[in-house]
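J.: Got a structure for you, upload.cif, holding mmCIF, C-alpha atoms and all ligand atoms.
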data_model
#
loop_
_atom_site.label_atom_id
_atom_site.label_comp_id
_atom_site.auth_asym_id
_atom_site.auth_seq_id
_atom_site.Cartn_x
_atom_site.Cartn_y
_atom_site.Cartn_z
CA MET O 18 13.97 -32.39 1.18
CA HIS O 19 17.09 -33.71 2.85
CA TYR O 20 20.74 -33.00 1.95
CA ASP O 21 24.16 -34.01 3.22
CA LEU O 22 24.99 -30.32 3.50
CA ALA O 23 22.90 -27.16 3.54
CA ILE O 24 24.60 -23.78 3.21
CA ILE O 25 23.15 -20.37 4.02
CA GLY O 26 24.66 -17.65 1.85
CA SER O 27 25.91 -17.63 -1.73
CA GLY O 28 28.97 -15.43 -1.31
CA ILE O 29 32.39 -16.89 -2.01
CA VAL O 30 32.35 -18.68 1.36
CA GLY O 31 29.03 -20.45 0.73
CA LEU O 32 29.82 -21.20 -2.93
CA GLY O 33 33.31 -22.43 -1.99
CA HIS O 34 31.86 -24.94 0.48
CA ALA O 35 29.25 -26.06 -2.05
CA TRP O 36 31.94 -26.64 -4.68
CA VAL O 37 34.31 -28.70 -2.52
CA ALA O 38 31.46 -30.72 -0.98
CA ALA O 39 30.03 -31.48 -4.45
CA LYS O 40 33.50 -32.57 -5.64
CA ARG O 41 33.41 -35.20 -2.88
CA GLY O 42 29.98 -36.38 -4.08
CA TYR O 43 27.86 -34.93 -1.24
CA SER O 44 24.39 -33.59 -1.93
CA VAL O 45 24.37 -29.85 -1.27
CA ALA O 46 21.77 -27.10 -1.12
CA VAL O 47 22.66 -23.40 -1.06
CA PHE O 48 20.10 -20.89 0.24
CA GLU O 49 20.41 -17.23 -0.73
CA ALA O 50 18.12 -14.41 0.35
CA ASP O 51 18.64 -12.32 -2.79
CA SER O 52 17.99 -13.20 -6.42
CA ARG O 53 21.79 -13.38 -6.92
CA PRO O 54 24.89 -12.92 -4.75
CA GLU O 55 25.12 -9.22 -3.91
CA GLY O 56 27.30 -9.16 -0.80
CA ALA O 57 31.01 -8.54 -0.23
CA SER O 58 31.98 -11.22 -2.72
CA ILE O 59 30.97 -9.16 -5.74
CA ARG O 60 31.99 -5.79 -4.26
CA ASN O 61 35.69 -6.39 -3.72
CA PHE O 62 38.91 -5.73 -5.65
CA GLY O 63 39.27 -9.37 -6.74
CA MET O 64 42.77 -9.44 -5.29
CA ILE O 65 44.00 -12.87 -4.28
CA TRP O 66 46.67 -11.54 -2.04
CA PRO O 67 49.17 -13.88 -0.30
CA ILE O 68 51.63 -11.01 0.24
CA GLY O 69 49.28 -9.54 2.86
CA GLN O 70 49.07 -12.75 4.90
CA PRO O 71 51.45 -13.27 7.81
CA ALA O 72 53.96 -16.08 7.30
CA GLY O 73 52.83 -19.45 8.61
CA SER O 74 49.34 -20.93 8.45
CA ALA O 75 47.66 -17.87 6.86
CA ARG O 76 50.26 -17.58 4.09
CA ALA O 77 50.15 -21.33 3.43
CA LEU O 78 46.35 -21.23 3.24
CA SER O 79 46.46 -18.33 0.80
CA LEU O 80 48.90 -20.15 -1.50
CA ARG O 81 46.70 -23.26 -1.46
CA ASN O 82 43.72 -20.96 -2.11
CA GLN O 83 45.35 -19.72 -5.31
CA GLN O 84 45.63 -23.25 -6.65
CA LEU O 85 41.94 -23.77 -5.92
CA TRP O 86 41.00 -20.54 -7.72
CA GLN O 87 42.92 -21.79 -10.77
CA GLU O 88 41.09 -25.11 -10.62
CA LEU O 89 37.69 -23.49 -10.12
CA GLY O 90 38.36 -20.91 -12.84
CA LYS O 91 39.10 -23.70 -15.32
CA ALA O 92 36.03 -25.69 -14.30
CA ALA O 93 33.62 -22.75 -14.26
CA GLY O 94 35.14 -20.89 -17.24
CA PHE O 95 36.34 -17.56 -15.81
CA PRO O 96 39.86 -16.10 -15.91
CA VAL O 97 42.17 -16.19 -12.90
CA GLU O 98 45.08 -14.03 -13.94
CA ARG O 99 48.48 -14.26 -12.24
CA CYS O 100 49.09 -10.52 -12.40
CA GLY O 101 51.46 -10.08 -9.44
CA SER O 102 51.54 -6.96 -7.31
CA VAL O 103 53.66 -3.87 -6.79
CA PHE O 104 53.93 -1.93 -3.54
CA LEU O 105 54.99 1.66 -4.21
CA ALA O 106 57.18 3.67 -1.82
CA HIS O 107 57.01 7.46 -2.03
CA HIS O 108 58.72 7.93 1.36
CA GLU O 109 62.08 6.64 2.61
CA ASP O 110 60.45 4.91 5.60
CA GLU O 111 58.09 3.01 3.26
CA MET O 112 61.05 1.90 1.15
CA GLN O 113 62.82 0.79 4.32
CA VAL O 114 59.79 -1.34 5.35
CA LEU O 115 59.66 -2.97 1.91
CA THR O 116 63.37 -3.81 2.11
CA GLU O 117 63.04 -5.19 5.66
CA PHE O 118 60.10 -7.34 4.53
CA ALA O 119 61.93 -8.68 1.46
CA ASP O 120 65.00 -9.48 3.58
CA SER O 121 63.04 -11.24 6.32
CA ALA O 122 62.67 -14.97 6.70
CA SER O 123 58.90 -14.51 6.66
CA SER O 124 58.85 -13.66 2.94
CA ARG O 125 60.81 -16.72 1.74
CA ASP O 126 57.76 -18.43 0.27
CA LEU O 127 57.00 -15.35 -1.88
CA ASN O 128 58.75 -14.46 -5.09
CA LEU O 129 59.85 -10.87 -4.33
CA LYS O 130 62.09 -8.28 -5.91
CA VAL O 131 63.02 -4.94 -4.37
CA LEU O 132 62.91 -2.31 -7.13
CA ASN O 133 64.68 1.01 -7.64
CA PRO O 134 62.56 3.84 -9.11
CA ALA O 135 63.42 2.98 -12.75
CA GLU O 136 62.63 -0.72 -12.23
CA THR O 137 59.41 0.22 -10.44
CA LEU O 138 58.30 2.21 -13.50
CA GLN O 139 59.11 -0.78 -15.72
CA HIS O 140 56.88 -3.06 -13.63
CA LEU O 141 54.16 -0.46 -13.09
CA PRO O 142 54.41 2.31 -15.71
CA ALA O 143 51.47 4.14 -14.10
CA ALA O 144 53.43 4.75 -10.89
CA ASN O 145 53.76 8.46 -10.20
CA PRO O 146 57.50 9.18 -10.71
CA ASN O 147 57.34 12.34 -8.54
CA GLY O 148 59.02 11.45 -5.27
CA LEU O 149 59.11 7.75 -6.10
CA LYS O 150 61.69 5.98 -3.92
CA GLY O 151 61.17 2.48 -5.35
CA GLY O 152 58.89 -0.49 -4.89
CA LEU O 153 58.48 -4.16 -4.18
CA TYR O 154 57.34 -6.57 -6.87
CA SER O 155 55.73 -9.88 -6.02
CA ARG O 156 54.95 -12.42 -8.70
CA THR O 157 52.51 -14.37 -6.60
CA GLU O 158 49.24 -12.43 -6.52
CA CYS O 159 46.28 -13.27 -8.76
CA ARG O 160 43.23 -11.40 -9.96
CA VAL O 161 39.64 -12.34 -10.65
CA HIS O 162 36.86 -9.98 -11.70
CA PRO O 163 34.49 -10.58 -8.77
CA PRO O 164 31.09 -10.16 -10.53
CA THR O 165 32.27 -12.37 -13.42
CA ALA O 166 33.81 -15.02 -11.16
CA ILE O 167 30.84 -15.26 -8.80
CA THR O 168 28.28 -15.36 -11.63
CA SER O 169 30.31 -18.07 -13.40
CA ILE O 170 30.58 -20.14 -10.20
CA VAL O 171 26.81 -19.92 -9.65
CA SER O 172 26.09 -21.04 -13.18
CA TYR O 173 28.68 -23.86 -12.99
CA LEU O 174 27.30 -25.15 -9.68
CA SER O 175 23.74 -24.99 -11.00
CA GLU O 176 24.72 -27.59 -13.63
CA LEU O 177 26.15 -30.07 -11.11
CA PRO O 178 23.84 -32.93 -10.17
CA GLU O 179 24.98 -32.75 -6.52
CA VAL O 180 24.01 -29.07 -6.05
CA GLU O 181 20.69 -27.27 -5.67
CA LEU O 182 20.65 -23.48 -5.53
CA HIS O 183 17.70 -21.76 -3.86
CA PHE O 184 17.72 -18.02 -4.62
CA GLU O 185 15.19 -15.54 -3.20
CA THR O 186 14.99 -17.80 -0.19
CA PRO O 187 15.77 -15.84 2.99
CA ILE O 188 16.36 -18.27 5.84
CA VAL O 189 14.75 -17.13 9.08
CA LYS O 190 15.36 -20.10 11.37
CA VAL O 191 18.06 -22.73 11.69
CA HIS O 192 17.75 -25.33 14.40
CA ASP O 193 18.67 -28.95 15.00
CA GLY O 194 19.44 -29.90 11.40
CA SER O 195 16.50 -28.03 9.95
CA ILE O 196 16.22 -24.79 8.00
CA GLN O 197 13.14 -22.66 7.55
CA SER O 198 12.60 -19.90 4.98
CA ALA O 199 10.55 -16.73 5.37
CA ASP O 200 7.74 -18.33 3.35
CA ARG O 201 7.64 -21.26 5.83
CA LYS O 202 9.25 -23.89 3.64
CA SER O 203 11.65 -26.19 5.43
CA TRP O 204 14.54 -28.50 4.62
CA THR O 205 16.82 -30.77 6.63
CA ALA O 206 20.49 -31.64 6.33
CA ASN O 207 23.12 -33.72 8.10
CA ARG O 208 25.20 -30.56 8.49
CA ILE O 209 24.37 -26.88 8.06
CA ILE O 210 26.96 -24.22 7.31
CA VAL O 211 26.02 -20.63 8.02
CA ALA O 212 28.06 -18.50 5.60
CA SER O 213 25.95 -15.37 5.72
CA GLY O 214 28.81 -12.86 5.93
CA ALA O 215 27.99 -9.49 7.45
CA TYR O 216 24.33 -10.49 7.83
CA PHE O 217 25.14 -13.25 10.35
CA LYS O 218 23.80 -11.21 13.27
CA HIS O 219 20.28 -11.27 11.82
CA LEU O 220 20.05 -15.06 12.27
CA PHE O 221 22.21 -15.49 15.35
CA PRO O 222 22.43 -12.12 17.19
CA GLU O 223 23.72 -13.67 20.41
CA GLN O 224 26.38 -15.72 18.63
CA HIS O 225 27.40 -12.58 16.74
CA ARG O 226 28.15 -10.89 20.08
CA ASN O 227 29.80 -14.02 21.55
CA GLN O 228 32.17 -14.36 18.60
CA GLN O 229 33.36 -10.74 19.07
CA PHE O 230 32.71 -10.11 15.39
CA LYS O 231 33.00 -6.56 14.11
CA ILE O 232 31.30 -5.33 10.96
CA CYS O 233 33.45 -3.20 8.70
CA LYS O 234 32.23 -0.86 5.96
CA LEU O 235 34.46 -0.02 2.99
CA GLN O 236 33.96 2.62 0.29
CA MET O 237 35.13 1.84 -3.25
CA LEU O 238 35.33 3.63 -6.61
CA LEU O 239 35.49 2.52 -10.25
CA THR O 240 36.98 4.68 -13.01
CA VAL O 241 35.63 4.83 -16.54
CA PRO O 242 37.41 2.44 -18.96
CA GLN O 243 40.94 3.66 -19.71
CA PRO O 244 41.68 4.72 -23.31
CA ASP O 245 43.80 2.90 -25.92
CA GLN O 246 44.00 -0.52 -24.25
CA TRP O 247 45.88 1.10 -21.32
CA LYS O 248 46.39 -1.47 -18.54
CA LEU O 249 47.57 -1.13 -14.97
CA GLY O 250 49.28 -4.53 -15.05
CA PRO O 251 49.92 -5.83 -11.52
CA HIS O 252 47.81 -4.90 -8.52
CA MET O 253 48.99 -1.62 -7.00
CA ALA O 254 49.32 -0.98 -3.27
CA SER O 255 50.74 2.24 -1.83
CA GLY O 256 53.00 2.70 1.17
CA LEU O 257 49.86 3.46 3.22
CA THR O 258 48.78 -0.16 2.69
CA LEU O 259 51.75 -1.37 4.76
CA ARG O 260 49.79 -0.16 7.81
CA HIS O 261 46.86 -2.35 6.91
CA TYR O 262 48.15 -5.92 6.39
CA SER O 263 49.60 -7.74 9.38
CA ALA O 264 52.26 -9.42 7.20
CA PHE O 265 54.30 -6.22 7.55
CA ASP O 266 54.07 -6.02 11.35
CA ILE O 267 57.46 -7.77 11.58
CA CYS O 268 59.21 -4.76 9.98
CA PRO O 269 60.87 -2.49 12.58
CA THR O 270 60.39 0.69 10.50
CA LEU O 271 56.62 0.21 10.21
CA THR O 272 56.17 2.10 13.51
CA GLN O 273 57.79 5.13 11.89
CA VAL O 274 55.42 4.92 8.89
CA ARG O 275 52.44 4.65 11.23
CA GLN O 276 53.59 7.60 13.33
CA ARG O 277 54.25 9.78 10.29
CA VAL O 278 50.80 9.12 8.85
CA ALA O 279 49.10 9.58 12.25
CA THR O 280 50.84 12.94 12.74
CA THR O 281 50.69 14.39 9.25
CA MET O 282 47.43 12.88 7.91
CA PRO O 283 45.21 11.89 10.88
CA GLU O 284 42.18 11.99 8.53
CA LEU O 285 43.47 8.76 6.94
CA ASP O 286 43.60 6.93 10.26
CA ARG O 287 40.17 8.27 11.17
CA TYR O 288 38.59 6.49 8.21
CA GLY O 289 41.08 3.60 7.96
CA ILE O 290 42.16 4.73 4.49
CA HIS O 291 44.96 3.14 2.49
CA VAL O 292 44.99 2.95 -1.29
CA MET O 293 45.05 0.07 -3.74
CA ALA O 294 44.11 -0.35 -7.40
CA SER O 295 43.18 -3.31 -9.54
CA SER O 296 42.08 -3.41 -13.16
CA THR O 297 38.99 -5.00 -14.69
CA PRO O 298 38.67 -6.86 -18.01
CA ALA O 299 36.90 -3.78 -19.45
CA GLY O 300 39.95 -1.61 -18.63
CA GLU O 301 38.42 0.21 -15.65
CA LEU O 302 40.32 0.64 -12.40
CA ILE O 303 38.86 -0.45 -9.08
CA LEU O 304 40.10 2.01 -6.44
CA GLY O 305 39.78 1.91 -2.66
CA ASP O 306 39.44 1.81 0.24
CA SER O 307 38.33 2.94 3.69
CA HIS O 308 37.45 1.03 6.87
CA GLU O 309 34.77 2.11 9.33
CA TYR O 310 33.82 -0.24 12.14
CA GLY O 311 30.82 -0.95 14.38
CA ASP O 312 29.03 2.13 15.69
CA ASP O 313 31.02 4.45 13.39
CA ILE O 314 29.17 2.99 10.39
CA GLU O 315 26.52 5.30 8.97
CA PRO O 316 23.98 4.33 6.32
CA PHE O 317 25.22 7.00 3.91
CA ASP O 318 28.54 6.98 2.06
CA LYS O 319 30.81 9.98 2.69
CA ASP O 320 32.10 12.09 -0.18
CA GLU O 321 34.94 13.17 2.13
CA ILE O 322 36.19 9.55 2.13
CA ASP O 323 36.00 9.28 -1.68
CA GLN O 324 37.96 12.53 -2.01
CA LEU O 325 40.66 11.31 0.42
CA ILE O 326 41.00 8.02 -1.47
CA LEU O 327 41.35 9.92 -4.77
CA ARG O 328 43.81 12.40 -3.23
CA GLU O 329 46.06 9.55 -2.08
CA ILE O 330 45.66 7.60 -5.35
CA HIS O 331 46.79 10.61 -7.38
CA LYS O 332 49.91 10.96 -5.20
CA VAL O 333 51.06 7.48 -6.23
CA LEU O 334 49.45 6.71 -9.62
CA GLN O 335 49.05 8.55 -12.91
CA ILE O 336 45.75 7.44 -14.39
CA PRO O 337 45.00 8.58 -17.96
CA GLN O 338 41.24 8.86 -17.40
CA ALA O 339 40.45 9.31 -13.71
CA SER O 340 36.71 10.11 -14.00
CA ILE O 341 34.68 8.02 -11.60
CA ALA O 342 31.91 5.92 -13.13
CA ARG O 343 30.68 4.08 -10.04
CA ARG O 344 30.83 4.30 -6.27
CA TRP O 345 29.72 1.66 -3.79
CA SER O 346 30.28 0.37 -0.32
CA GLY O 347 30.69 -3.16 0.96
CA PHE O 348 30.55 -4.82 4.36
CA TYR O 349 32.45 -7.70 5.87
CA THR O 350 32.73 -9.44 9.21
CA LYS O 351 36.07 -9.39 10.97
CA HIS O 352 37.31 -11.27 13.99
CA PRO O 353 39.82 -9.40 16.19
CA HIS O 354 42.39 -12.25 16.36
CA GLU O 355 41.43 -15.25 14.22
CA MET O 356 42.11 -15.72 10.51
CA TYR O 357 38.49 -16.92 10.24
CA ILE O 358 35.98 -18.75 12.43
CA PHE O 359 34.82 -22.34 11.87
CA ARG O 360 32.78 -23.36 14.89
CA GLU O 361 29.85 -25.64 15.74
CA ILE O 362 27.47 -23.10 17.26
CA GLU O 363 24.61 -25.56 17.82
CA PRO O 364 24.48 -29.30 17.22
CA ARG O 365 25.08 -29.91 13.48
CA ILE O 366 25.17 -26.15 12.71
CA HIS O 367 28.55 -24.66 11.81
CA LEU O 368 29.49 -21.04 11.47
CA VAL O 369 32.11 -20.14 8.83
CA ASN O 370 32.76 -16.41 8.83
CA GLY O 371 35.08 -13.60 9.89
CA PHE O 372 37.49 -13.55 6.94
CA GLY O 373 37.61 -9.76 7.08
CA GLY O 374 39.33 -8.30 4.04
CA ASN O 375 40.79 -11.66 3.05
CA GLY O 376 37.80 -13.70 1.95
CA MET O 377 38.88 -13.95 -1.69
CA THR O 378 42.41 -14.81 -0.54
CA LEU O 379 41.54 -17.54 1.95
CA SER O 380 38.03 -18.88 1.66
CA LEU O 381 38.34 -21.62 -1.00
CA ALA O 382 41.19 -23.27 0.91
CA ALA O 383 39.31 -22.74 4.18
CA SER O 384 36.22 -24.41 2.62
CA ASP O 385 38.38 -27.33 1.55
CA SER O 386 39.71 -27.72 5.08
CA VAL O 387 36.23 -27.43 6.68
CA ILE O 388 34.68 -30.05 4.40
CA GLU O 389 37.67 -32.34 4.91
CA GLN O 390 37.29 -32.11 8.70
CA LEU O 391 33.54 -32.79 8.55
CA ALA O 392 34.01 -35.66 6.09
CA ASN O 393 36.84 -37.27 8.06
CA SER O 394 34.75 -37.31 11.19
CA ASN O 395 31.82 -38.88 9.27
CA GLN O 396 29.60 -35.92 10.01
CA MET O 397 28.40 -35.35 6.47
CA SER O 398 26.55 -38.55 5.74
C1 LIG O 401 34.93 -3.46 -0.60
C2 LIG O 401 35.61 -4.77 -0.28
C3 LIG O 401 36.84 -5.08 -0.87
C4 LIG O 401 37.45 -6.31 -0.59
N1 LIG O 401 38.57 -6.67 -1.28
C5 LIG O 401 39.06 -7.93 -1.12
C6 LIG O 401 40.13 -8.40 -1.93
O1 LIG O 401 40.56 -7.73 -2.87
N2 LIG O 401 40.68 -9.60 -1.64
C7 LIG O 401 40.19 -10.41 -0.63
O2 LIG O 401 40.74 -11.47 -0.38
N3 LIG O 401 39.09 -10.03 0.08
C8 LIG O 401 38.52 -8.82 -0.14
N4 LIG O 401 37.43 -8.43 0.58
C9 LIG O 401 36.85 -9.37 1.54
C10 LIG O 401 35.93 -10.39 0.86
O3 LIG O 401 35.17 -9.77 -0.15
C11 LIG O 401 35.03 -11.03 1.92
O4 LIG O 401 35.83 -11.56 2.97
C12 LIG O 401 34.20 -12.15 1.34
O5 LIG O 401 33.57 -11.75 0.15
C13 LIG O 401 33.15 -12.62 2.35
O6 LIG O 401 32.38 -13.60 1.71
P1 LIG O 401 31.07 -14.18 2.38
O7 LIG O 401 30.59 -15.28 1.51
O8 LIG O 401 31.35 -14.48 3.82
O9 LIG O 401 30.04 -12.95 2.43
P2 LIG O 401 29.10 -12.31 1.30
O10 LIG O 401 29.75 -12.26 -0.01
O11 LIG O 401 28.61 -11.02 1.88
O12 LIG O 401 27.90 -13.35 1.18
C14 LIG O 401 26.96 -13.59 2.19
C15 LIG O 401 25.66 -13.97 1.51
O13 LIG O 401 24.76 -14.52 2.46
C16 LIG O 401 23.44 -14.11 2.11
N5 LIG O 401 22.61 -14.21 3.31
C17 LIG O 401 22.79 -13.57 4.48
N6 LIG O 401 21.83 -13.93 5.37
C18 LIG O 401 21.04 -14.83 4.74
C19 LIG O 401 19.87 -15.55 5.14
N7 LIG O 401 19.35 -15.42 6.37
N8 LIG O 401 19.27 -16.37 4.24
C20 LIG O 401 19.81 -16.52 2.99
N9 LIG O 401 20.91 -15.85 2.56
C21 LIG O 401 21.52 -15.01 3.43
C22 LIG O 401 23.65 -12.67 1.64
O14 LIG O 401 22.55 -12.24 0.85
C23 LIG O 401 24.95 -12.78 0.87
O15 LIG O 401 24.73 -13.04 -0.51
C24 LIG O 401 36.83 -7.20 0.33
C25 LIG O 401 35.61 -6.88 0.93
C26 LIG O 401 34.99 -5.67 0.62
C27 LIG O 401 33.66 -5.35 1.25
#
Hey, can you dump this file as structure tokens for me?
Ligand SMILES: Cc1cc2nc3c(=O)[nH]c(=O)nc-3n(C[C@H](O)[C@H](O)[C@H](O)COP(=O)(O)OP(=O)(O)OC[C@H]3O[C@@H](n4cnc5c(N)ncnc54)[C@H](O)[C@@H]3O)c2cc1C

T.:
Amino acid sequence: MHYDLAIIGSGIVGLGHAWVAAKRGYSVAVFEADSRPEGASIRNFGMIWPIGQPAGSARALSLRNQQLWQELGKAAGFPVERCGSVFLAHHEDEMQVLTEFADSASSRDLNLKVLNPAETLQHLPAANPNGLKGGLYSRTECRVHPPTAITSIVSYLSELPEVELHFETPIVKVHDGSIQSADRKSWTANRIIVASGAYFKHLFPEQHRNQQFKICKLQMLLTVPQPDQWKLGPHMASGLTLRHYSAFDICPTLTQVRQRVATTMPELDRYGIHVMASSTPAGELILGDSHEYGDDIEPFDKDEIDQLILREIHKVLQIPQASIARRWSGFYTKHPHEMYIFREIEPRIHLVNGFGGNGMTLSLAASDSVIEQLANSNQMS
């Protein structure tokens, strides 16, 4: 069995590459170890999040990525909702950072509005009014429901004549244009893309070390469905989130926010906690998250982390029904400096990985760019 392109991994990165390659008429095979995608791509908030990307190439890629989500959502039949986002400020220094960001040249390609407390409550009625200093509204962000979107993409791709999906097919060896599964079947391809997310080190342990990848573990929570059609509306990020996304590094007052949190709540820095919320079609709220890296990662989730996330959520949001229905953790691969890695690691074998917490926000546009580069250099056929 020979293909123009073989892809290892059916997360959003693998599926994204399969989709754009199939659109160009290439024959594609996707190999997935599990019976369905169960990695980071179904465990996330579903936030497509240009506001977190630094101005320049990352922001531009995220805006292009949104267009591709809209196109893919239409083709595969799942909703991509332009819900926007609201950052909440419950401290003066957070409000100052939001104002600096909105005033900076680096936010010109976003549609932003600085909000006073009353306007913040209009945009996000669930914001906790106690101590609320204001907020920042952005129209740009979109939402998908990750399990729905990924399942719909799989079923859409399975109908395309260009695509073959091989589930329950763990790949154990990739070399010189050939792929071998655990049950000793083999396939060949002109190009192979390894999009195996946090599991990359199992296939290429040495490359994993060479690429300086770090694995990150995140803990997440899901509330029960909210009563009476209650909706969150836009994505919610708290002032703590300003510490997390590099887009805000240009704001002079961010240092003050970081120092205040480090001094008054060191437990949040210890577990990389900031809080965000996104709603699901069934009216639940996805809440998170924490960040533990490398050797700090333990196999068991920590109740202490869940309690800290909930403590911080309740400071900024008033949720009618806050009982937790589900808890889970997810893992992603992060590169210390690069937006993501696209590299030929052996002849005809390309690694695409390292999106960190931005895979939903960047990976369709990144897939488009990867396939374009391979196609333009006649490497696919
Ligand atoms: C909790 C959490 C919240 C997040 N929130 C957001 C968000 O709101 N917005 C955003 O932009 N990003 C978010 N992210 C990041 C985003 O989810 C990831 O960057 C993205 O999903 C990575 O996709 P992937 O395809 O590389 O990996 P995965 O989705 O993990 O897919 C990799 C796949 O490869 C398969 N595989 C591995 N090895 C093999 C093998 N040898 N043979 C066959 N198959 C193999 C695995 O089984 C898996 O299905 C979040 C991540 C987490 C964990």

J.: Hey, can you pull every residue with an atom no more than 6 Å from (41.5, -7.8, -7.5), using all atoms listed in the file, and send it as a list in words?

T.: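 With a cut-off of 6 Å, the residues come to Phe62, Gly63, Met64, Arg160, Val161 and Ser295 of chain O.
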
J.: Need the shell around Ser123 (chain O): protein/DNA/RNA residues with any atom at most 8 Å away, counting all atoms listed in the file. Skip same-chain ones fewer than 4 positions apart. Format as a PDB file with C-alpha atoms, keeping the file's coordinate frame?

T.:
ATOM      1  CA  PRO O  71      51.450 -13.270   7.810  1.00  0.00           C
ATOM      2  CA  ALA O  72      53.960 -16.080   7.300  1.00  0.00           C
ATOM      3  CA  PHE O 118      60.100  -7.340   4.530  1.00  0.00           C
TER       4      PHE O 118
END

J.: Considering only C-alpha atoms, can you say which of O:Glu223, O:Asp312, O:Glu329, O:Glu98 comes closest to Glu158 (chain O)?

T.: O:Glu98

J.: Excluding Ala23 (chain O) and its own-chain neighbours fewer than 2 positions away, which residues fall within 10 Å of it when counting all atoms listed in the file? Please give them as a list in words.

T.: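 The filter keeps His19, Tyr20, Asp21, Ile25, Gly26, Gly31, His34, Ala35, Ser44, Val45, Ala46, Val47, Phe48, Val180, Glu181, Gly194, Ser195, Ile196, Trp204, Thr205, Ala206, Asn207, Arg208, Ile209, Ile210, Val211 and Ile366 of chain O.
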
J.: Select, from O:Ala106, O:Ala135, O:Ala92, O:Ile358, the residue with the minimum atom-to-atom distance to Glu176 (chain O), counting all atoms listed in the file.

T.: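 Closest to Glu176 (chain O) of all the choices is O:Ala92.
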
J.: Would you be able to write out as a ChimeraX atom specification which residues have an atom within 7 Å of (62.7, -2.9, -4.0) in the file's coordinates, counting all atoms listed in the file?

T.: /O:115-116,130-133,151-153

J.: Give me, please, the distance in Å between CA of Gln335 (chain O) and CA of Phe104 (chain O), quoted to one decimal.

T.: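 So the answer is 14.9 Å.
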
J.: Smallest atom-to-atom distance to ligand LIG 401 (chain O): which of O:Ala342, O:Leu334, O:Leu381, O:Ala93, using only C-alpha atoms and all ligand atoms?

T.: O:Leu381

J.: Considering all atoms listed in the file, can you say which of O:Ser27, O:Gln243, O:Gln224, O:Gln276 comes closest to Val171 (chain O)?

T.: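 Among O:Ser27, O:Gln243, O:Gln224, O:Gln276, it is O:Ser27 that comes nearest to Val171 (chain O).
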
J.: Quick one: of O:Arg125, O:Lys190, O:His225, O:Arg360, who's nearest to ligand LIG 401 (chain O), counting only C-alpha atoms and all ligand atoms?

T.: O:Lys190

J.: Please, what distance in Å, to one decimal, runs between CA of Leu302 (chain O) and CA of Ile336 (chain O)?

T.: 8.9 Å

J.: Rounded to one decimal in Å, what is the spacing between CA of Leu259 (chain O) and CA of Ser340 (chain O)?

T.: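 Interatomic distance here is 26.6 Å.
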
J.: Would you please work out which residue, of O:His252, O:Lys218, O:Arg226, O:Lys234, is nearest to Ile65 (chain O) when using all atoms listed in the file?

T.: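 Of O:His252, O:Lys218, O:Arg226, O:Lys234, the one nearest Ile65 (chain O), counting all atoms listed in the file, is O:His252.
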
J.: Please provide the set of residues having any atom within 10 Å of His354 (chain O), restricted to only C-alpha atoms, with same-chain residues fewer than 2 positions apart removed, written as a ChimeraX atom specification.

T.: /O:229-230,351-352,356-358,371

J.: Need the shell around Ala75 (chain O): protein/DNA/RNA residues with any atom at most 12 Å away, counting all atoms listed in the file. Skip same-chain ones fewer than 6 positions apart. Format as a list in words?

T.: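 Selected residues are Trp66, Pro67, Ile68, Gly69, Arg81, Asn82, Ser123, Tyr262, Ser263, Ala264, Glu355, Met356, Tyr357, Phe372, Asn375, Gly376, Thr378, Leu379, Ser380, Ala382 and Ala383 of chain O.
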